[in-house]
Amino acid sequence: MDPFTEQQRLQRILRGQVEFMDQVHDLLAEEQKRDDILRAMVLSSRKEKVVKIEAPDTDRVFHVSTIKSLCIKYRLRFLDAGLFKGEIPSQAILSIRQLERSTNGPLLSYKIMAPAERFKLCDCEVDPLLFVPMGNDNYYLVHKWGKDISWTRELRGWSFRTPIHLGITVLGVAALITLMFSSEALAAWGVPRLFLFFWTSMVLVSFTVFGWLAFFGQFSSHAWNSRYFN
């Protein structure tokens, strides 16, 4: 076979491979551009717009009362995605694309459930959950990234759920401090120990009120959908 003919054939093959790789690169660039647009849409979402999902996965549909309950339980916020600070992972973008195939148009409204520190609040370890509104106070879980919510966060947030929870915690700590005294005069729950319990409670209440107003300011039952830090 003529070497010149073989060289031409090899060059055509190489040119074909180059053209194929160029097409692949163009496709990847187009997909990356679309992902960037979706991320921008999520992080700019500030208004709630209902989306119609055909045949939704019922395991991913949650009523706002359930979301509120979990936010109070774990001391989380449920706010517009436009207030979220952080990266939207590629898996979340893939989940959005998959969901858009069963909707009547692009998804324009997003909500995120996450700790307060993950949001750009006005006065500014658990990972977020991305939702879209479905109407009638129902929300569809699009994607959750990161680790699961731990029981330790529930335990840490128990005292901050409501004023009653905080009051029980303060009185419990006061009772524990009172029981730590083991002198004979305070061996039983007589007048001296009751006086000590009352005095300890008043001291703890004073510190708690000061600390609450200075550092916390909102109970979980009121803060779960508040965009304000304090």
# chains A, B, ... in the order shown; residues from 1 in each chain; ligands from 1

$ residues_around --residues "segment 153-168 of chain A" --least-positions-apart "2" --cutoff "10 Å" --atoms "only C-alpha atoms" --output "PDB file with N, CA and C atoms, in the first residue's frame"
ATOM      1  N   SER A  69     -41.939  21.976  62.702  1.00  0.00           N
ATOM      2  CA  SER A  69     -41.654  21.122  63.848  1.00  0.00           C
ATOM      3  C   SER A  69     -40.186  20.702  63.875  1.00  0.00           C
ATOM      4  N   LEU A  70     -39.636  20.315  62.718  1.00  0.00           N
ATOM      5  CA  LEU A  70     -38.239  19.904  62.651  1.00  0.00           C
ATOM      6  C   LEU A  70     -37.298  21.087  62.882  1.00  0.00           C
ATOM      7  N   CYS A  71     -37.668  22.254  62.368  1.00  0.00           N
ATOM      8  CA  CYS A  71     -36.835  23.441  62.587  1.00  0.00           C
ATOM      9  C   CYS A  71     -36.764  23.788  64.068  1.00  0.00           C
ATOM     10  N   ILE A  72     -37.895  23.676  64.767  1.00  0.00           N
ATOM     11  CA  ILE A  72     -37.908  23.955  66.201  1.00  0.00           C
ATOM     12  C   ILE A  72     -37.098  22.896  66.953  1.00  0.00           C
ATOM     13  N   LYS A  73     -37.257  21.644  66.525  1.00  0.00           N
ATOM     14  CA  LYS A  73     -36.591  20.537  67.205  1.00  0.00           C
ATOM     15  C   LYS A  73     -35.078  20.630  67.100  1.00  0.00           C
ATOM     16  N   TYR A  74     -34.583  21.006  65.925  1.00  0.00           N
ATOM     17  CA  TYR A  74     -33.134  21.041  65.696  1.00  0.00           C
ATOM     18  C   TYR A  74     -32.579  22.467  65.606  1.00  0.00           C
ATOM     19  N   ARG A  75     -33.415  23.455  65.903  1.00  0.00           N
ATOM     20  CA  ARG A  75     -33.028  24.867  65.846  1.00  0.00           C
ATOM     21  C   ARG A  75     -32.456  25.219  64.473  1.00  0.00           C
ATOM     22  N   LEU A  76     -33.305  25.109  63.465  1.00  0.00           N
ATOM     23  CA  LEU A  76     -32.947  25.424  62.082  1.00  0.00           C
ATOM     24  C   LEU A  76     -33.799  26.584  61.586  1.00  0.00           C
ATOM     25  N   GLU A 125     -22.789  22.837  61.031  1.00  0.00           N
ATOM     26  CA  GLU A 125     -22.330  21.531  60.895  1.00  0.00           C
ATOM     27  C   GLU A 125     -23.360  20.604  60.297  1.00  0.00           C
ATOM     28  N   VAL A 126     -24.799  21.395  60.549  1.00  0.00           N
ATOM     29  CA  VAL A 126     -25.836  20.662  59.827  1.00  0.00           C
ATOM     30  C   VAL A 126     -25.876  21.168  58.395  1.00  0.00           C
ATOM     31  N   ILE A 149     -28.864  15.047  60.288  1.00  0.00           N
ATOM     32  CA  ILE A 149     -28.993  15.808  61.530  1.00  0.00           C
ATOM     33  C   ILE A 149     -28.758  14.874  62.707  1.00  0.00           C
ATOM     34  N   SER A 150     -27.861  15.247  63.603  1.00  0.00           N
ATOM     35  CA  SER A 150     -27.486  14.371  64.698  1.00  0.00           C
ATOM     36  C   SER A 150     -28.376  14.595  65.911  1.00  0.00           C
ATOM     37  N   TRP A 151     -28.417  13.596  66.792  1.00  0.00           N
ATOM     38  CA  TRP A 151     -29.200  13.712  68.014  1.00  0.00           C
ATOM     39  C   TRP A 151     -28.595  14.734  68.963  1.00  0.00           C
ATOM     40  N   VAL A 170     -33.439  25.777  83.264  1.00  0.00           N
ATOM     41  CA  VAL A 170     -32.868  26.591  84.347  1.00  0.00           C
ATOM     42  C   VAL A 170     -33.198  25.989  85.706  1.00  0.00           C
ATOM     43  N   LEU A 171     -34.460  25.598  85.903  1.00  0.00           N
ATOM     44  CA  LEU A 171     -34.851  25.010  87.186  1.00  0.00           C
ATOM     45  C   LEU A 171     -34.161  23.667  87.412  1.00  0.00           C
ATOM     46  N   GLY A 172     -33.972  22.896  86.335  1.00  0.00           N
ATOM     47  CA  GLY A 172     -33.274  21.618  86.457  1.00  0.00           C
ATOM     48  C   GLY A 172     -31.835  21.798  86.878  1.00  0.00           C
ATOM     49  N   VAL A 173     -31.150  22.783  86.269  1.00  0.00           N
ATOM     50  CA  VAL A 173     -29.760  23.053  86.643  1.00  0.00           C
ATOM     51  C   VAL A 173     -29.686  23.553  88.090  1.00  0.00           C
ATOM     52  N   ALA A 174     -30.653  24.402  88.482  1.00  0.00           N
ATOM     53  CA  ALA A 174     -30.676  24.904  89.864  1.00  0.00           C
ATOM     54  C   ALA A 174     -30.873  23.761  90.852  1.00  0.00           C
ATOM     55  N   SER A 201     -31.867  29.478  91.812  1.00  0.00           N
ATOM     56  CA  SER A 201     -32.753  29.702  90.662  1.00  0.00           C
ATOM     57  C   SER A 201     -32.750  31.164  90.253  1.00  0.00           C
ATOM     58  N   VAL A 205     -31.539  32.484  86.706  1.00  0.00           N
ATOM     59  CA  VAL A 205     -32.499  33.211  85.874  1.00  0.00           C
ATOM     60  C   VAL A 205     -31.925  34.558  85.450  1.00  0.00           C
ATOM     61  N   THR A 208     -29.324  33.919  82.818  1.00  0.00           N
ATOM     62  CA  THR A 208     -29.962  33.416  81.610  1.00  0.00           C
ATOM     63  C   THR A 208     -30.635  34.530  80.833  1.00  0.00           C
ATOM     64  N   TRP A 212     -29.456  35.546  77.247  1.00  0.00           N
ATOM     65  CA  TRP A 212     -30.423  35.342  76.157  1.00  0.00           C
ATOM     66  C   TRP A 212     -30.599  36.615  75.344  1.00  0.00           C
ATOM     67  N   PHE A 216     -28.770  35.328  72.099  1.00  0.00           N
ATOM     68  CA  PHE A 216     -29.737  34.500  71.382  1.00  0.00           C
ATOM     69  C   PHE A 216     -30.919  35.330  70.886  1.00  0.00           C
ATOM     70  N   GLY A 217     -31.788  35.717  71.774  1.00  0.00           N
ATOM     71  CA  GLY A 217     -32.850  36.650  71.423  1.00  0.00           C
ATOM     72  C   GLY A 217     -34.119  36.059  70.875  1.00  0.00           C
ATOM     73  N   GLN A 218     -34.077  34.895  70.245  1.00  0.00           N
ATOM     74  CA  GLN A 218     -35.263  34.301  69.654  1.00  0.00           C
ATOM     75  C   GLN A 218     -35.337  32.822  69.981  1.00  0.00           C
ATOM     76  N   PHE A 219     -36.531  32.384  70.385  1.00  0.00           N
ATOM     77  CA  PHE A 219     -36.753  30.960  70.580  1.00  0.00           C
ATOM     78  C   PHE A 219     -36.999  30.298  69.223  1.00  0.00           C
ATOM     79  N   SER A 220     -36.720  29.010  69.155  1.00  0.00           N
ATOM     80  CA  SER A 220     -36.862  28.282  67.895  1.00  0.00           C
ATOM     81  C   SER A 220     -38.284  28.337  67.360  1.00  0.00           C
ATOM     82  N   SER A 221     -39.271  28.380  68.265  1.00  0.00           N
ATOM     83  CA  SER A 221     -40.668  28.410  67.834  1.00  0.00           C
ATOM     84  C   SER A 221     -41.008  29.701  67.105  1.00  0.00           C
ATOM     85  N   HIS A 222     -40.202  30.764  67.305  1.00  0.00           N
ATOM     86  CA  HIS A 222     -40.427  32.034  66.607  1.00  0.00           C
ATOM     87  C   HIS A 222     -39.401  32.278  65.502  1.00  0.00           C
ATOM     88  N   ALA A 223     -38.236  31.672  65.624  1.00  0.00           N
ATOM     89  CA  ALA A 223     -37.143  31.992  64.700  1.00  0.00           C
ATOM     90  C   ALA A 223     -37.076  31.079  63.488  1.00  0.00           C
ATOM     91  N   TRP A 224     -37.886  30.014  63.431  1.00  0.00           N
ATOM     92  CA  TRP A 224     -37.697  28.985  62.396  1.00  0.00           C
ATOM     93  C   TRP A 224     -37.839  29.542  60.977  1.00  0.00           C
TER      94      TRP A 224
END

$ closest_atom_pairs --of "segment 137-213 of chain A" --to "segment 41-56 of chain A" --cutoff "10 Å" --atoms "only C-alpha atoms" --output "Markdown table"
| residue | atom | partner | partner_atom | distance |
| --- | --- | --- | --- | --- |
| A:Asp137 | CA | A:Val50 | CA | 9.9 |
| A:Asn138 | CA | A:Val50 | CA | 9.6 |
| A:Tyr139 | CA | A:Val50 | CA | 9.2 |
| A:Tyr140 | CA | A:Pro56 | CA | 8.2 |

$ closest_residue --among "A:His143, A:Lys68, A:Lys111, A:His63" --to "Leu94 of chain A" --atoms "only C-alpha atoms"
A:His143

$ select_by_dssp --residues "segment 32-219 of chain A" --states "strand (DSSP E or B)" --output "JSON, numbers by chain"
{"A": [53, 61, 62, 63, 77, 78, 79, 80, 84, 103, 111, 112, 113, 114, 119, 129, 130, 131, 132, 133, 134, 135, 138, 139, 140, 141, 142, 143, 144]}

$ write_last_selection --atoms "N, CA and C atoms" --output "PDB file, in the first residue's frame"
ATOM      1  N   ILE A  53     -45.858  19.801  39.959  1.00  0.00           N
ATOM      2  CA  ILE A  53     -45.045  18.613  39.705  1.00  0.00           C
ATOM      3  C   ILE A  53     -45.966  17.456  39.345  1.00  0.00           C
ATOM      4  N   VAL A  61     -42.683  14.967  49.807  1.00  0.00           N
ATOM      5  CA  VAL A  61     -43.630  16.067  50.011  1.00  0.00           C
ATOM      6  C   VAL A  61     -43.841  16.261  51.508  1.00  0.00           C
ATOM      7  N   PHE A  62     -43.628  17.492  51.989  1.00  0.00           N
ATOM      8  CA  PHE A  62     -43.743  17.786  53.412  1.00  0.00           C
ATOM      9  C   PHE A  62     -44.592  19.031  53.618  1.00  0.00           C
ATOM     10  N   HIS A  63     -45.508  18.955  54.588  1.00  0.00           N
ATOM     11  CA  HIS A  63     -46.326  20.111  54.934  1.00  0.00           C
ATOM     12  C   HIS A  63     -45.498  21.074  55.776  1.00  0.00           C
ATOM     13  N   ARG A  77     -33.474  27.083  60.417  1.00  0.00           N
ATOM     14  CA  ARG A  77     -34.266  28.117  59.751  1.00  0.00           C
ATOM     15  C   ARG A  77     -34.793  27.564  58.430  1.00  0.00           C
ATOM     16  N   PHE A  78     -35.951  28.053  58.009  1.00  0.00           N
ATOM     17  CA  PHE A  78     -36.537  27.682  56.720  1.00  0.00           C
ATOM     18  C   PHE A  78     -36.807  28.977  55.968  1.00  0.00           C
ATOM     19  N   LEU A  79     -35.882  29.335  55.059  1.00  0.00           N
ATOM     20  CA  LEU A  79     -35.908  30.647  54.424  1.00  0.00           C
ATOM     21  C   LEU A  79     -35.714  30.532  52.918  1.00  0.00           C
ATOM     22  N   ASP A  80     -35.927  31.662  52.233  1.00  0.00           N
ATOM     23  CA  ASP A  80     -35.691  31.710  50.790  1.00  0.00           C
ATOM     24  C   ASP A  80     -34.236  31.370  50.486  1.00  0.00           C
ATOM     25  N   PHE A  84     -29.322  32.161  51.362  1.00  0.00           N
ATOM     26  CA  PHE A  84     -28.348  31.127  51.714  1.00  0.00           C
ATOM     27  C   PHE A  84     -26.951  31.563  51.311  1.00  0.00           C
ATOM     28  N   THR A 103     -42.008  18.839  35.607  1.00  0.00           N
ATOM     29  CA  THR A 103     -42.718  20.070  35.931  1.00  0.00           C
ATOM     30  C   THR A 103     -43.215  20.742  34.660  1.00  0.00           C
ATOM     31  N   LYS A 111     -36.589  27.089  48.537  1.00  0.00           N
ATOM     32  CA  LYS A 111     -36.465  27.332  49.974  1.00  0.00           C
ATOM     33  C   LYS A 111     -35.398  26.385  50.515  1.00  0.00           C
ATOM     34  N   ILE A 112     -34.699  26.821  51.553  1.00  0.00           N
ATOM     35  CA  ILE A 112     -33.648  25.991  52.148  1.00  0.00           C
ATOM     36  C   ILE A 112     -33.861  25.918  53.656  1.00  0.00           C
ATOM     37  N   MET A 113     -33.713  24.713  54.198  1.00  0.00           N
ATOM     38  CA  MET A 113     -33.752  24.513  55.639  1.00  0.00           C
ATOM     39  C   MET A 113     -32.337  24.227  56.109  1.00  0.00           C
ATOM     40  N   ALA A 114     -31.832  25.086  57.004  1.00  0.00           N
ATOM     41  CA  ALA A 114     -30.439  24.963  57.452  1.00  0.00           C
ATOM     42  C   ALA A 114     -30.273  25.775  58.726  1.00  0.00           C
ATOM     43  N   PHE A 119     -27.082  31.154  56.656  1.00  0.00           N
ATOM     44  CA  PHE A 119     -27.831  32.160  55.911  1.00  0.00           C
ATOM     45  C   PHE A 119     -27.200  33.534  56.077  1.00  0.00           C
ATOM     46  N   LEU A 129     -31.132  21.517  53.327  1.00  0.00           N
ATOM     47  CA  LEU A 129     -32.111  20.765  52.561  1.00  0.00           C
ATOM     48  C   LEU A 129     -32.795  21.744  51.621  1.00  0.00           C
ATOM     49  N   LEU A 130     -32.864  21.398  50.340  1.00  0.00           N
ATOM     50  CA  LEU A 130     -33.411  22.285  49.313  1.00  0.00           C
ATOM     51  C   LEU A 130     -34.840  21.871  48.972  1.00  0.00           C
ATOM     52  N   PHE A 131     -35.782  22.840  49.033  1.00  0.00           N
ATOM     53  CA  PHE A 131     -37.181  22.586  48.755  1.00  0.00           C
ATOM     54  C   PHE A 131     -37.682  23.506  47.643  1.00  0.00           C
ATOM     55  N   VAL A 132     -38.801  23.098  47.020  1.00  0.00           N
ATOM     56  CA  VAL A 132     -39.552  23.986  46.133  1.00  0.00           C
ATOM     57  C   VAL A 132     -41.011  23.964  46.594  1.00  0.00           C
ATOM     58  N   PRO A 133     -41.712  25.111  46.530  1.00  0.00           N
ATOM     59  CA  PRO A 133     -43.111  25.161  46.992  1.00  0.00           C
ATOM     60  C   PRO A 133     -44.058  24.504  45.998  1.00  0.00           C
ATOM     61  N   MET A 134     -45.045  23.766  46.542  1.00  0.00           N
ATOM     62  CA  MET A 134     -46.038  23.083  45.712  1.00  0.00           C
ATOM     63  C   MET A 134     -47.441  23.655  45.887  1.00  0.00           C
ATOM     64  N   GLY A 135     -47.600  24.615  46.799  1.00  0.00           N
ATOM     65  CA  GLY A 135     -48.911  25.163  47.083  1.00  0.00           C
ATOM     66  C   GLY A 135     -49.567  24.446  48.247  1.00  0.00           C
ATOM     67  N   ASN A 138     -47.479  23.025  51.132  1.00  0.00           N
ATOM     68  CA  ASN A 138     -46.681  21.822  50.936  1.00  0.00           C
ATOM     69  C   ASN A 138     -45.401  22.178  50.181  1.00  0.00           C
ATOM     70  N   TYR A 139     -44.319  21.475  50.519  1.00  0.00           N
ATOM     71  CA  TYR A 139     -43.029  21.720  49.888  1.00  0.00           C
ATOM     72  C   TYR A 139     -42.410  20.398  49.464  1.00  0.00           C
ATOM     73  N   TYR A 140     -41.729  20.423  48.322  1.00  0.00           N
ATOM     74  CA  TYR A 140     -41.116  19.223  47.767  1.00  0.00           C
ATOM     75  C   TYR A 140     -39.610  19.266  48.024  1.00  0.00           C
ATOM     76  N   LEU A 141     -39.097  18.212  48.645  1.00  0.00           N
ATOM     77  CA  LEU A 141     -37.671  18.112  48.933  1.00  0.00           C
ATOM     78  C   LEU A 141     -36.926  17.737  47.657  1.00  0.00           C
ATOM     79  N   VAL A 142     -36.122  18.665  47.170  1.00  0.00           N
ATOM     80  CA  VAL A 142     -35.359  18.433  45.941  1.00  0.00           C
ATOM     81  C   VAL A 142     -34.071  17.683  46.237  1.00  0.00           C
ATOM     82  N   HIS A 143     -33.354  18.146  47.253  1.00  0.00           N
ATOM     83  CA  HIS A 143     -32.045  17.535  47.523  1.00  0.00           C
ATOM     84  C   HIS A 143     -31.600  17.880  48.935  1.00  0.00           C
ATOM     85  N   LYS A 144     -30.906  16.936  49.562  1.00  0.00           N
ATOM     86  CA  LYS A 144     -30.250  17.160  50.853  1.00  0.00           C
ATOM     87  C   LYS A 144     -28.792  16.785  50.691  1.00  0.00           C
TER      88      LYS A 144
END
